[in-house]
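Visitor: Hey, dropping my_file-v2.txt in here, compact mmCIF, C-alpha atoms:
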# COMPACT_ATOMS: atom_id res chain seq x y z
CA MET A 23 0.52 -16.84 27.59
CA SER A 24 2.05 -13.90 29.32
CA GLU A 25 3.09 -11.00 27.19
CA ALA A 26 1.57 -7.82 28.57
CA ARG A 27 -0.30 -5.80 26.00
CA ARG A 28 -1.54 -2.49 27.35
CA THR A 29 -4.75 -1.89 25.56
CA GLU A 30 -5.65 1.63 26.55
CA TYR A 31 -5.09 4.29 29.17
CA THR A 32 -8.09 6.17 30.45
CA GLU A 33 -8.48 8.39 33.46
CA PHE A 34 -10.23 5.79 35.59
CA ARG A 35 -8.63 2.68 34.08
CA PRO A 36 -4.93 3.33 34.02
CA ARG A 37 -3.84 0.13 32.37
CA TRP A 38 -5.47 -3.03 31.05
CA TYR A 39 -3.82 -6.41 30.95
CA LYS A 40 -4.49 -8.66 28.00
CA SER A 41 -2.94 -12.10 27.80
CA ARG A 42 -2.01 -13.59 24.46
CA VAL A 43 -3.55 -16.80 23.22
CA SER A 44 -0.91 -19.53 23.21
CA THR A 45 -0.02 -21.18 19.92
CA TRP A 46 -0.91 -24.51 21.59
CA TRP A 47 -4.30 -23.43 22.92
CA TRP A 48 -6.03 -26.28 21.04
CA LEU A 49 -4.11 -29.04 22.82
CA GLY A 50 -5.52 -28.50 26.30
CA ARG A 51 -9.10 -29.49 25.66
CA TRP A 52 -10.81 -32.30 23.75
CA SER A 53 -13.48 -30.05 22.20
CA TYR A 54 -10.76 -27.70 20.88
CA LEU A 55 -8.67 -30.58 19.55
CA LYS A 56 -11.76 -32.07 17.92
CA PHE A 57 -12.42 -28.73 16.23
CA ILE A 58 -8.85 -28.56 14.87
CA LEU A 59 -9.05 -32.18 13.63
CA ARG A 60 -12.34 -31.39 11.93
CA GLU A 61 -10.77 -28.38 10.19
CA ILE A 62 -7.78 -30.50 9.10
CA SER A 63 -10.13 -33.21 7.81
CA SER A 64 -11.02 -30.95 4.87
CA VAL A 65 -7.48 -31.48 3.50
CA PHE A 66 -8.04 -35.25 3.44
CA VAL A 67 -11.51 -34.88 1.93
CA ALA A 68 -9.82 -32.84 -0.83
CA TRP A 69 -7.19 -35.57 -1.26
CA PHE A 70 -9.90 -38.18 -1.92
CA VAL A 71 -11.43 -35.88 -4.54
CA VAL A 72 -8.02 -35.42 -6.22
CA GLU A 73 -7.46 -39.19 -6.12
CA LEU A 74 -10.83 -39.82 -7.76
CA LEU A 75 -10.04 -37.27 -10.49
CA LEU A 76 -6.62 -38.89 -11.04
CA GLY A 77 -8.35 -42.26 -11.34
CA LEU A 78 -10.85 -40.95 -13.90
CA HIS A 79 -8.04 -39.29 -15.84
CA ALA A 80 -6.08 -42.57 -15.88
CA LEU A 81 -9.20 -44.48 -16.94
CA SER A 82 -9.71 -42.15 -19.90
CA GLY A 83 -6.05 -42.66 -20.88
CA GLY A 84 -6.49 -46.37 -21.62
CA PRO A 85 -5.75 -49.73 -19.88
CA GLN A 86 -2.00 -49.07 -19.65
CA ARG A 87 -2.48 -45.78 -17.78
CA TYR A 88 -5.12 -47.32 -15.51
CA GLU A 89 -2.78 -50.14 -14.57
CA GLU A 90 -0.10 -47.61 -13.71
CA PHE A 91 -2.63 -45.80 -11.54
CA GLN A 92 -3.49 -49.06 -9.75
CA GLY A 93 0.21 -49.59 -9.16
CA PHE A 94 0.38 -46.09 -7.65
CA LEU A 95 -2.51 -46.97 -5.33
CA CYS A 96 -0.65 -50.08 -4.13
CA ASN A 97 2.34 -48.02 -3.01
CA PRO A 98 2.53 -48.48 0.81
CA LEU A 99 2.79 -44.71 1.32
CA VAL A 100 -0.39 -44.12 -0.67
CA VAL A 101 -2.15 -46.96 1.19
CA ALA A 102 -1.13 -45.34 4.49
CA LEU A 103 -2.30 -41.91 3.30
CA ASN A 104 -5.64 -43.36 2.18
CA PHE A 105 -6.06 -45.13 5.51
CA VAL A 106 -5.51 -41.87 7.40
CA SER A 107 -7.76 -40.05 4.91
CA LEU A 108 -10.55 -42.59 5.45
CA PHE A 109 -10.39 -41.94 9.21
CA PHE A 110 -10.63 -38.17 8.67
CA VAL A 111 -13.43 -38.45 6.12
CA LEU A 112 -15.45 -40.63 8.51
CA PHE A 113 -14.76 -38.13 11.31
CA HIS A 114 -15.84 -35.29 8.99
CA ALA A 115 -19.06 -37.10 8.04
CA VAL A 116 -20.01 -37.99 11.61
CA THR A 117 -19.43 -34.44 12.94
CA TRP A 118 -21.37 -33.06 9.97
CA PHE A 119 -24.38 -35.33 10.56
CA ASN A 120 -24.32 -34.54 14.26
CA LEU A 121 -24.37 -30.84 13.42
CA ALA A 122 -27.53 -31.18 11.30
CA PRO A 123 -30.00 -31.24 14.24
CA LYS A 124 -28.38 -28.07 15.63
CA ALA A 125 -28.81 -26.19 12.37
CA MET A 126 -32.33 -27.44 11.62
CA ALA A 127 -34.84 -26.48 14.26
CA VAL A 128 -37.78 -28.44 12.87
CA ARG A 129 -41.00 -28.11 14.81
CA LEU A 130 -43.94 -30.51 14.79
CA GLY A 131 -47.05 -29.76 16.79
CA GLY A 132 -45.35 -26.80 18.48
CA LYS A 133 -42.35 -28.82 19.73
CA ARG A 134 -38.80 -29.28 18.43
CA VAL A 135 -38.43 -32.73 16.97
CA PRO A 136 -35.79 -34.91 18.71
CA ASN A 137 -32.22 -34.65 17.37
CA LEU A 138 -32.35 -38.28 16.26
CA TRP A 139 -35.15 -37.52 13.80
CA ILE A 140 -32.85 -35.14 11.92
CA ALA A 141 -29.53 -36.98 12.28
CA GLY A 142 -31.07 -40.46 11.82
CA PRO A 143 -32.17 -40.08 8.15
CA ASN A 144 -28.73 -38.60 7.35
CA TYR A 145 -27.03 -41.70 8.78
CA LEU A 146 -29.51 -44.01 7.05
CA ALA A 147 -28.92 -42.30 3.69
CA TRP A 148 -25.16 -42.61 4.29
CA VAL A 149 -25.44 -46.34 4.97
CA ALA A 150 -27.73 -46.84 1.96
CA VAL A 151 -25.45 -44.98 -0.46
CA SER A 152 -22.40 -46.80 0.94
CA ALA A 153 -24.17 -50.15 0.48
CA ILE A 154 -25.03 -49.33 -3.15
CA VAL A 155 -21.43 -48.28 -3.87
CA ALA A 156 -20.10 -51.42 -2.13
CA TRP A 157 -22.50 -53.58 -4.16
CA PHE A 158 -21.22 -52.03 -7.42
CA LEU A 159 -17.59 -52.48 -6.42
CA LEU A 160 -17.75 -55.92 -4.85
CA ARG A 161 -20.26 -57.80 -7.06
CA ALA A 162 -17.47 -58.96 -9.38
CA MET B 11 -14.27 -33.56 54.37
CA PRO B 12 -11.39 -31.17 55.16
CA GLU B 13 -12.26 -27.93 56.97
CA THR B 14 -10.64 -25.54 54.53
CA ILE B 15 -9.88 -25.26 50.84
CA THR B 16 -7.22 -23.19 49.06
CA LEU B 17 -8.31 -20.50 46.64
CA GLU B 18 -5.63 -19.50 44.13
CA VAL B 19 -6.83 -16.10 43.06
CA THR B 20 -5.42 -14.02 40.20
CA ARG B 21 -4.47 -10.53 41.41
CA TYR B 22 -3.57 -7.59 39.22
CA SER B 23 -2.93 -4.01 40.29
CA PRO B 24 -2.36 -1.94 37.18
CA GLU B 25 -0.67 0.85 39.18
CA GLN B 26 1.96 -1.46 40.64
CA GLU B 27 2.33 -4.52 38.43
CA ALA B 28 2.98 -5.17 34.77
CA GLU B 29 1.42 -8.63 34.94
CA PRO B 30 -1.10 -10.52 37.08
CA ARG B 31 0.13 -12.74 39.90
CA VAL B 32 -1.45 -15.54 41.93
CA GLN B 33 -2.33 -15.15 45.59
CA GLN B 34 -3.42 -18.05 47.80
CA TYR B 35 -6.10 -17.87 50.46
CA GLU B 36 -7.38 -20.53 52.85
CA VAL B 37 -11.15 -20.37 53.18
CA PRO B 38 -13.61 -22.48 55.17
CA LEU B 39 -14.93 -25.36 53.07
CA ARG B 40 -18.61 -25.08 53.83
CA LYS B 41 -21.18 -27.27 52.13
CA ASP B 42 -23.49 -24.35 51.34
CA TRP B 43 -20.79 -22.00 50.06
CA VAL B 44 -20.25 -21.13 46.43
CA VAL B 45 -17.01 -19.66 45.05
CA LEU B 46 -18.53 -16.17 45.31
CA ASP B 47 -19.16 -16.71 49.06
CA ALA B 48 -15.49 -17.63 49.45
CA LEU B 49 -14.41 -14.48 47.59
CA ASN B 50 -16.68 -12.37 49.78
CA TYR B 51 -15.23 -14.09 52.87
CA ILE B 52 -11.73 -13.11 51.68
CA LYS B 53 -12.80 -9.53 50.99
CA ASP B 54 -14.59 -9.16 54.36
CA ARG B 55 -12.17 -11.03 56.64
CA VAL B 56 -8.77 -11.46 55.01
CA ASP B 57 -7.94 -8.99 52.27
CA GLY B 58 -10.22 -6.04 51.55
CA SER B 59 -8.26 -5.08 48.45
CA LEU B 60 -9.51 -8.07 46.43
CA THR B 61 -11.68 -6.77 43.59
CA PHE B 62 -14.43 -8.63 41.74
CA ARG B 63 -17.91 -8.01 40.33
CA TRP B 64 -21.07 -9.48 41.76
CA SER B 65 -24.61 -8.47 42.49
CA CYS B 66 -27.59 -10.82 42.76
CA ARG B 67 -26.00 -14.09 44.02
CA MET B 68 -28.68 -16.08 42.21
CA GLY B 69 -27.74 -16.46 38.53
CA ILE B 70 -29.83 -13.55 37.28
CA CYS B 71 -27.53 -10.54 36.96
CA GLY B 72 -24.70 -12.26 35.09
CA SER B 73 -21.94 -10.19 36.69
CA CYS B 74 -19.95 -12.77 38.69
CA GLY B 75 -18.57 -14.77 35.76
CA MET B 76 -14.97 -15.95 36.24
CA MET B 77 -12.72 -18.81 35.21
CA VAL B 78 -12.94 -21.53 37.89
CA ASN B 79 -10.28 -24.20 37.39
CA GLY B 80 -10.07 -23.13 33.76
CA GLU B 81 -13.81 -23.26 33.06
CA PRO B 82 -16.02 -20.19 32.62
CA LYS B 83 -18.54 -20.25 35.49
CA LEU B 84 -20.97 -18.06 37.34
CA THR B 85 -19.24 -18.08 40.73
CA CYS B 86 -22.61 -17.70 42.49
CA ALA B 87 -23.62 -21.11 41.13
CA THR B 88 -20.35 -22.99 41.57
CA PHE B 89 -20.07 -24.84 44.88
CA LEU B 90 -16.77 -25.16 46.72
CA THR B 91 -17.49 -28.79 47.54
CA SER B 92 -17.40 -29.70 43.83
CA TYR B 93 -13.66 -29.04 44.00
CA ALA B 94 -13.03 -30.57 47.44
CA PRO B 95 -11.31 -33.68 46.04
CA GLU B 96 -8.75 -31.50 44.24
CA GLY B 97 -8.13 -29.45 47.39
CA HIS B 98 -7.69 -26.16 45.59
CA ILE B 99 -9.65 -23.85 43.31
CA ARG B 100 -8.05 -21.56 40.76
CA VAL B 101 -10.06 -18.38 40.22
CA GLN B 102 -9.09 -16.21 37.25
CA PRO B 103 -10.69 -13.34 35.36
CA LEU B 104 -12.75 -14.34 32.31
CA ARG B 105 -10.51 -15.49 29.48
CA TYR B 106 -9.94 -13.34 26.36
CA PHE B 107 -11.15 -10.12 28.03
CA PRO B 108 -8.78 -7.31 29.05
CA VAL B 109 -8.31 -7.27 32.83
CA ILE B 110 -8.95 -3.99 34.63
CA ARG B 111 -8.07 -5.17 38.16
CA ASP B 112 -7.86 -8.57 39.89
CA LEU B 113 -10.95 -10.46 38.64
CA VAL B 114 -12.66 -7.55 36.90
CA VAL B 115 -12.64 -7.53 33.10
CA ALA B 116 -13.55 -4.86 30.56
CA ILE B 117 -16.65 -5.80 28.56
CA GLU B 118 -16.99 -2.63 26.45
CA ASP B 119 -16.05 -4.57 23.32
CA PHE B 120 -18.91 -7.03 23.93
CA MET B 121 -21.34 -4.17 24.59
CA SER B 122 -20.52 -2.50 21.27
CA LYS B 123 -20.83 -5.82 19.41
CA LEU B 124 -24.17 -6.45 21.09
CA GLY B 125 -25.40 -3.03 19.96
CA SER B 126 -24.30 -3.70 16.39
CA VAL B 127 -26.86 -6.53 15.96
CA LYS B 128 -29.74 -4.25 17.06
CA PRO B 129 -31.16 -6.45 19.83
CA TRP B 130 -34.51 -4.73 20.07
CA LEU B 131 -37.86 -4.93 18.25
CA ILE B 132 -37.64 -3.17 14.89
CA ARG B 133 -40.93 -2.22 13.24
CA LYS B 134 -41.34 -0.95 9.70
CA ASP B 135 -44.94 -0.06 10.25
CA GLU B 136 -46.02 1.06 13.70
CA LYS B 137 -49.71 0.69 14.35
CA PRO B 138 -51.50 3.40 16.35
CA ILE B 139 -51.49 2.89 20.12
CA ALA B 140 -55.29 2.88 20.04
CA GLU B 141 -55.17 -0.45 18.18
CA GLY B 142 -53.56 -2.09 21.17
CA GLU B 143 -50.58 -4.36 21.72
CA TYR B 144 -48.85 -6.63 19.21
CA LEU B 145 -50.29 -9.93 20.32
CA GLN B 146 -48.38 -13.19 20.30
CA THR B 147 -49.45 -16.81 20.73
CA PRO B 148 -47.65 -19.13 23.18
CA GLU B 149 -46.27 -21.00 20.14
CA GLN B 150 -44.79 -17.79 18.72
CA LEU B 151 -43.25 -17.01 22.11
CA ASP B 152 -41.84 -20.51 22.28
CA LEU B 153 -39.85 -19.97 19.07
CA TYR B 154 -37.47 -17.43 20.61
CA LYS B 155 -37.95 -17.84 24.37
CA GLN B 156 -34.83 -19.96 24.84
CA PHE B 157 -32.63 -17.27 23.26
CA SER B 158 -34.27 -14.56 25.36
CA MET B 159 -32.95 -16.16 28.57
CA CYS B 160 -29.46 -14.69 27.98
CA ILE B 161 -28.20 -12.62 30.91
CA ASN B 162 -25.12 -11.17 29.13
CA CYS B 163 -22.76 -12.92 31.54
CA VAL B 164 -20.29 -13.40 28.62
CA LEU B 165 -19.24 -16.88 29.82
CA CYS B 166 -19.79 -18.01 26.22
CA TYR B 167 -17.16 -15.51 25.03
CA ALA B 168 -14.64 -16.92 27.50
CA ALA B 169 -15.46 -20.44 26.24
CA CYS B 170 -15.08 -19.64 22.53
CA PRO B 171 -11.58 -19.98 21.04
CA VAL B 172 -12.63 -17.92 18.00
CA VAL B 173 -13.25 -14.95 20.30
CA GLY B 174 -9.64 -15.26 21.50
CA LEU B 175 -8.18 -15.69 18.02
CA ASP B 176 -10.28 -13.18 16.10
CA PRO B 177 -11.15 -10.05 18.11
CA THR B 178 -13.56 -8.89 15.37
CA PHE B 179 -15.86 -11.94 15.81
CA ILE B 180 -19.25 -10.71 17.05
CA GLY B 181 -19.47 -13.74 19.31
CA PRO B 182 -22.04 -16.24 20.62
CA ALA B 183 -24.30 -14.18 22.93
CA ALA B 184 -24.72 -11.25 20.53
CA ILE B 185 -25.67 -13.60 17.67
CA ALA B 186 -28.05 -15.58 19.89
CA LEU B 187 -29.71 -12.32 20.96
CA ALA B 188 -29.98 -11.18 17.33
CA GLN B 189 -31.70 -14.50 16.65
CA ARG B 190 -33.99 -13.91 19.64
CA TYR B 191 -35.38 -10.81 17.84
CA ASN B 192 -35.24 -12.33 14.35
CA MET B 193 -37.58 -15.10 15.50
CA ASP B 194 -39.96 -12.78 17.34
CA SER B 195 -43.24 -12.51 15.41
CA ARG B 196 -43.49 -8.80 16.33
CA ASP B 197 -40.10 -7.95 14.79
CA GLN B 198 -39.52 -6.79 11.21
CA GLY B 199 -35.78 -6.07 11.34
CA SER B 200 -34.22 -9.39 10.33
CA GLN B 201 -32.90 -7.96 7.04
CA GLU B 202 -31.13 -5.11 8.86
CA ARG B 203 -29.48 -7.62 11.19
CA MET B 204 -28.51 -9.89 8.32
CA ASP B 205 -26.19 -7.18 6.96
CA VAL B 206 -24.18 -7.50 10.19
CA LEU B 207 -24.66 -11.22 10.90
CA ALA B 208 -24.05 -12.77 7.47
CA GLN B 209 -20.41 -11.65 7.44
CA HIS B 210 -17.12 -13.28 8.30
CA GLU B 211 -17.15 -11.38 11.60
CA GLY B 212 -20.68 -12.66 12.19
CA ILE B 213 -21.92 -16.24 11.85
CA TRP B 214 -19.27 -17.37 9.36
CA GLY B 215 -16.52 -16.75 11.92
CA CYS B 216 -18.06 -19.53 14.05
CA THR B 217 -16.45 -22.91 13.53
CA PHE B 218 -18.91 -24.78 15.75
CA VAL B 219 -16.66 -25.79 18.60
CA GLY B 220 -19.84 -25.83 20.69
CA ASP B 221 -18.28 -24.83 24.01
CA CYS B 222 -20.42 -21.67 24.21
CA THR B 223 -23.50 -23.85 24.64
CA LYS B 224 -21.79 -25.99 27.28
CA ALA B 225 -20.71 -22.89 29.23
CA CYS B 226 -24.11 -21.15 29.14
CA PRO B 227 -25.70 -21.15 32.62
CA LYS B 228 -29.15 -20.31 31.19
CA LYS B 229 -29.28 -23.06 28.51
CA VAL B 230 -29.55 -20.50 25.70
CA ASP B 231 -27.65 -22.68 23.18
CA PRO B 232 -25.81 -19.93 21.26
CA ALA B 233 -24.09 -22.57 19.08
CA GLY B 234 -27.52 -23.77 17.94
CA ALA B 235 -28.64 -20.19 17.25
CA ILE B 236 -25.57 -19.59 15.08
CA GLN B 237 -25.89 -22.86 13.11
CA GLN B 238 -29.60 -22.17 12.52
CA TYR B 239 -28.76 -18.69 11.30
CA LYS B 240 -26.12 -20.10 8.94
CA LEU B 241 -28.92 -22.08 7.30
CA THR B 242 -31.19 -19.00 7.17
CA ALA B 243 -28.44 -16.84 5.64
CA THR B 244 -27.54 -19.52 3.07
CA LEU B 245 -31.17 -19.95 1.99
CA ASP B 246 -31.56 -16.16 1.78
CA ARG B 247 -28.45 -15.91 -0.39
CA LEU B 248 -29.66 -18.75 -2.63
CA LYS B 249 -33.05 -17.08 -2.95
CA SER B 250 -31.50 -13.76 -3.96
CA LEU B 251 -29.30 -15.56 -6.52
CA LEU B 252 -32.16 -17.57 -8.03
CA MET B 253 -34.75 -14.83 -7.81
CA PRO B 254 -32.91 -11.51 -7.93
CA TRP B 255 -36.17 -9.73 -8.78
CA GLY B 256 -37.87 -11.02 -5.59
CA SER B 257 -38.47 -8.44 -2.91
CA LYS B 258 -36.50 -8.98 0.26
Using the file provided, produce a representation of the structure as structure tokens.
Guide:
Amino acid sequence: MSEARRTEYTEFRPRWYKSRVSTWWWLGRWSYLKFILREISSVFVAWFVVELLLGLHALSGGPQRYEEFQGFLCNPLVVALNFVSLFFVLFHAVTWFNLAPKAMAVRLGGKRVPNLWIAGPNYLAWVAVSAIVAWFLLRA
Amino acid sequence: MPETITLEVTRYSPEQEAEPRVQQYEVPLRKDWVVLDALNYIKDRVDGSLTFRWSCRMGICGSCGMMVNGEPKLTCATFLTSYAPEGHIRVQPLRYFPVIRDLVVAIEDFMSKLGSVKPWLIRKDEKPIAEGEYLQTPEQLDLYKQFSMCINCVLCYAACPVVGLDPTFIGPAAIALAQRYNMDSRDQGSQERMDVLAQHEGIWGCTFVGDCTKACPKKVDPAGAIQQYKLTATLDRLKSLLMPWGSK
């Protein structure tokens, strides 16, 4: 925190002091840590996209290739990575839905509608889409 | 309740010191005293060289903002008794701003950023004075009133990590004030402001930490203003991509 950086000399302000932002500034506060985690979550979201593309590529390569891909998914390291990724993707989704009411100032009858009215449908759509996907995957 | 509380105040004399230091003062812990009262007590009775800004003592002028135990606060609205259990109060100059002396920071950078978003009513067509005022309904006033409550105390800048990391970021209050005029039915300058706001240094620098809104003593919600403007700017960009012939 403490390297002196003299910004400017002027007649009436002989010397300014400016402290440097510590490399670890984001550790001291939950809202800052949450922000960093949210930024990092994009890496894991990207990983899920890559994994899906790999799966599709394997599927198009025939049963043999798909089986190899399934074997890859069963690797404990990949399972661990997917578990961590799931946590980050959920975190990403929740923070995104909670942001929606901030960004959308919808007014009805001259008043801002409650946050829940904006975030609620987002969560409901999320649950509905998840249920449909789960039904497709688990019906067999 | 103990009779006194310790104030750990950051001191900095540019003529004598290369870096700030901490000086401790014992002040009476009175129920009706705010941190600003304690600083004035020190200045009047203990150490006249202590330097800090203040004016109205009632949360209107926005000049007594400081870091109190690491949080940006208006010291005129921060009671000593809130910190009685801890026994001490750390008072520092507002974070991320250059310090001129003791608790006084330079806000020139903020002032120039504020000017860059043109926070005033811009009219393309002025009607003759004889036609009277530009009238506004209570509903139209309600759209921007919250953002107009800003007192330029810059607590939101001290709360925002992006301000510390990227000195070119226009920052929460200036964007909220731009939005205050954008949403005013009498204003016609939103396109001029968009050239400044819809940039990396403008709204896209914001990563929605949200601490600006928590720090704001006037409930302006700069974080909300910025997120709403992100939506406006995105829709505007989409519109100009889909309908490039459309007049702006």
Visitor: Kindly provide, as a ChimeraX atom specification, the residues of chain B having any atom no farther than 7 Å from an atom of chain A, counting all atoms listed in the file.
Guide: /B:24,28-29,107-110,149,174,219,234,237-238,241
Visitor: Find, counting only C-alpha atoms, the residue in A:Thr45, A:Gln86, A:Gln92, A:Asn144 that gets nearest to A:Trp118.
Guide: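 Counting only C-alpha atoms, the residue closest to A:Trp118 is A:Asn144.
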Visitor: Could you list, as a PyMOL selection string, every residue within 7 Å of B:Pro82, counting all atoms listed in the file and ignoring same-chain residues fewer than 6 positions away?
Guide: chain B and resi 75-76+104+165+168-169+225
Visitor: Point out the residue among B:Arg203, B:Arg111, B:Arg100, B:Lys53 with the least atom-to-atom distance to B:Val127, counting only C-alpha atoms.
Guide: B:Arg203
Visitor: For each of A:Ser107, A:Ala153, A:Leu160, A:Ala147, take the minimum atom-to-atom distance to A:Val71, counting only C-alpha atoms, then give the residue where this is smallest.
Guide: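 Checking each candidate against A:Val71, we get A:Ser107 as the closest.
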Visitor: Any idea what the distance is between atom CA of B:Asp135 and atom CA of B:Gln198?
Guide: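 Answer for the atom CA of B:Asp135 to atom CA of B:Gln198 separation: 8.7 Å.
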Visitor: Do you know which residues are at most 8 Å from B:Thr91 counting all atoms listed in the file, after dropping those on the same chain fewer than 3 positions away, and could you put them as a PyMOL selection string?
Guide: chain B and resi 39-41+43+94
Visitor: Take the residues from that selection and write them out as a PDB file, in the frame of the given file, keeping C-alpha atoms.
Guide:
ATOM      1  CA  LEU B  39     -14.930 -25.360  53.070  1.00  0.00           C
ATOM      2  CA  ARG B  40     -18.610 -25.080  53.830  1.00  0.00           C
ATOM      3  CA  LYS B  41     -21.180 -27.270  52.130  1.00  0.00           C
ATOM      4  CA  TRP B  43     -20.790 -22.000  50.060  1.00  0.00           C
ATOM      5  CA  ALA B  94     -13.030 -30.570  47.440  1.00  0.00           C
TER       6      ALA B  94
END
Visitor: Grab the atom CA of B:Val45 to atom CA of A:Arg51 distance for me, in Å with one decimal place.
Guide: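 Answer for the atom CA of B:Val45 to atom CA of A:Arg51 separation: 23.1 Å.
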Visitor: Using all atoms listed in the file, which protein or nucleic acid residues come within 12 Å of A:Leu59? Drop anything in the same chain fewer than 4 positions from it, and give the result as a list of chain:residue names.
Guide: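 Within the cut-off, the hits are A:Trp48, A:Leu49, A:Trp52, A:Ser53, A:Tyr54, A:Leu55, A:Ser63, A:Ser64, A:Val65, A:Phe66, A:Ser107, A:Phe109, A:Phe110, A:Val111, A:Leu112, A:Phe113, A:His114, A:Thr117, B:Thr217, B:Val219.
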Visitor: Please produce a file of the residues just selected, as a short mmCIF file (atom, residue, chain, number, x, y, z; two decimals), in the coordinates of the input, where the atoms kept are C-alpha atoms.
Guide:
data_model
loop_
_atom_site.label_atom_id
_atom_site.label_comp_id
_atom_site.auth_asym_id
_atom_site.auth_seq_id
_atom_site.Cartn_x
_atom_site.Cartn_y
_atom_site.Cartn_z
CA TRP A 48 -6.03 -26.28 21.04
CA LEU A 49 -4.11 -29.04 22.82
CA TRP A 52 -10.81 -32.30 23.75
CA SER A 53 -13.48 -30.05 22.20
CA TYR A 54 -10.76 -27.70 20.88
CA LEU A 55 -8.67 -30.58 19.55
CA SER A 63 -10.13 -33.21 7.81
CA SER A 64 -11.02 -30.95 4.87
CA VAL A 65 -7.48 -31.48 3.50
CA PHE A 66 -8.04 -35.25 3.44
CA SER A 107 -7.76 -40.05 4.91
CA PHE A 109 -10.39 -41.94 9.21
CA PHE A 110 -10.63 -38.17 8.67
CA VAL A 111 -13.43 -38.45 6.12
CA LEU A 112 -15.45 -40.63 8.51
CA PHE A 113 -14.76 -38.13 11.31
CA HIS A 114 -15.84 -35.29 8.99
CA THR A 117 -19.43 -34.44 12.94
CA THR B 217 -16.45 -22.91 13.53
CA VAL B 219 -16.66 -25.79 18.60
#
Visitor: Just checking: using only C-alpha atoms, which residue out of B:Asp54, B:Asp119, B:Asp221, B:Glu36 ends up closest to B:Gly97?
Guide: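 Nearest candidate to B:Gly97 out of B:Asp54, B:Asp119, B:Asp221, B:Glu36: B:Glu36.
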Visitor: Tell me, in Å to one decimal, how far atom CA of B:Pro182 is from atom CA of B:Cys170.
Guide: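 Computed distance, atom CA of B:Pro182 to atom CA of B:Cys170, equals 8.0 Å.
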Visitor: I'd like the neighbourhood of stretch 140-146 of chain B as a ChimeraX atom specification, where a residue qualifies if any of its atoms comes within 12 Å (using all atoms listed in the file), though same-chain residues fewer than 4 positions away should be ignored.
Guide: /B:131,133,135-136,150-154,193-197
Visitor: Using only C-alpha atoms for the distances, tell me which of B:Arg63, B:Arg55, B:Lys229, B:Lys240 is nearest to B:Asp112.
Guide: B:Arg63
Visitor: Leaving out B:Tyr35 and any residue of its chain fewer than 5 positions from it, which residues lie within 10 Å of it when counting only C-alpha atoms, given as a PDB file with C-alpha atoms, in the coordinates of the input?
Guide:
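Resulting contents of part04.pdb:
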ATOM      1  CA  THR B  14     -10.640 -25.540  54.530  1.00  0.00           C
ATOM      2  CA  ILE B  15      -9.880 -25.260  50.840  1.00  0.00           C
ATOM      3  CA  THR B  16      -7.220 -23.190  49.060  1.00  0.00           C
ATOM      4  CA  LEU B  17      -8.310 -20.500  46.640  1.00  0.00           C
ATOM      5  CA  GLU B  18      -5.630 -19.500  44.130  1.00  0.00           C
ATOM      6  CA  VAL B  19      -6.830 -16.100  43.060  1.00  0.00           C
ATOM      7  CA  ALA B  48     -15.490 -17.630  49.450  1.00  0.00           C
ATOM      8  CA  LEU B  49     -14.410 -14.480  47.590  1.00  0.00           C
ATOM      9  CA  ILE B  52     -11.730 -13.110  51.680  1.00  0.00           C
ATOM     10  CA  VAL B  56      -8.770 -11.460  55.010  1.00  0.00           C
ATOM     11  CA  ASP B  57      -7.940  -8.990  52.270  1.00  0.00           C
ATOM     12  CA  HIS B  98      -7.690 -26.160  45.590  1.00  0.00           C
ATOM     13  CA  ILE B  99      -9.650 -23.850  43.310  1.00  0.00           C
TER      14      ILE B  99
END
Visitor: From the list B:Val101, B:Ala188, B:Val172, B:Ala87, which residue is nearest B:Leu124 when using all atoms listed in the file?
Guide: B:Ala188
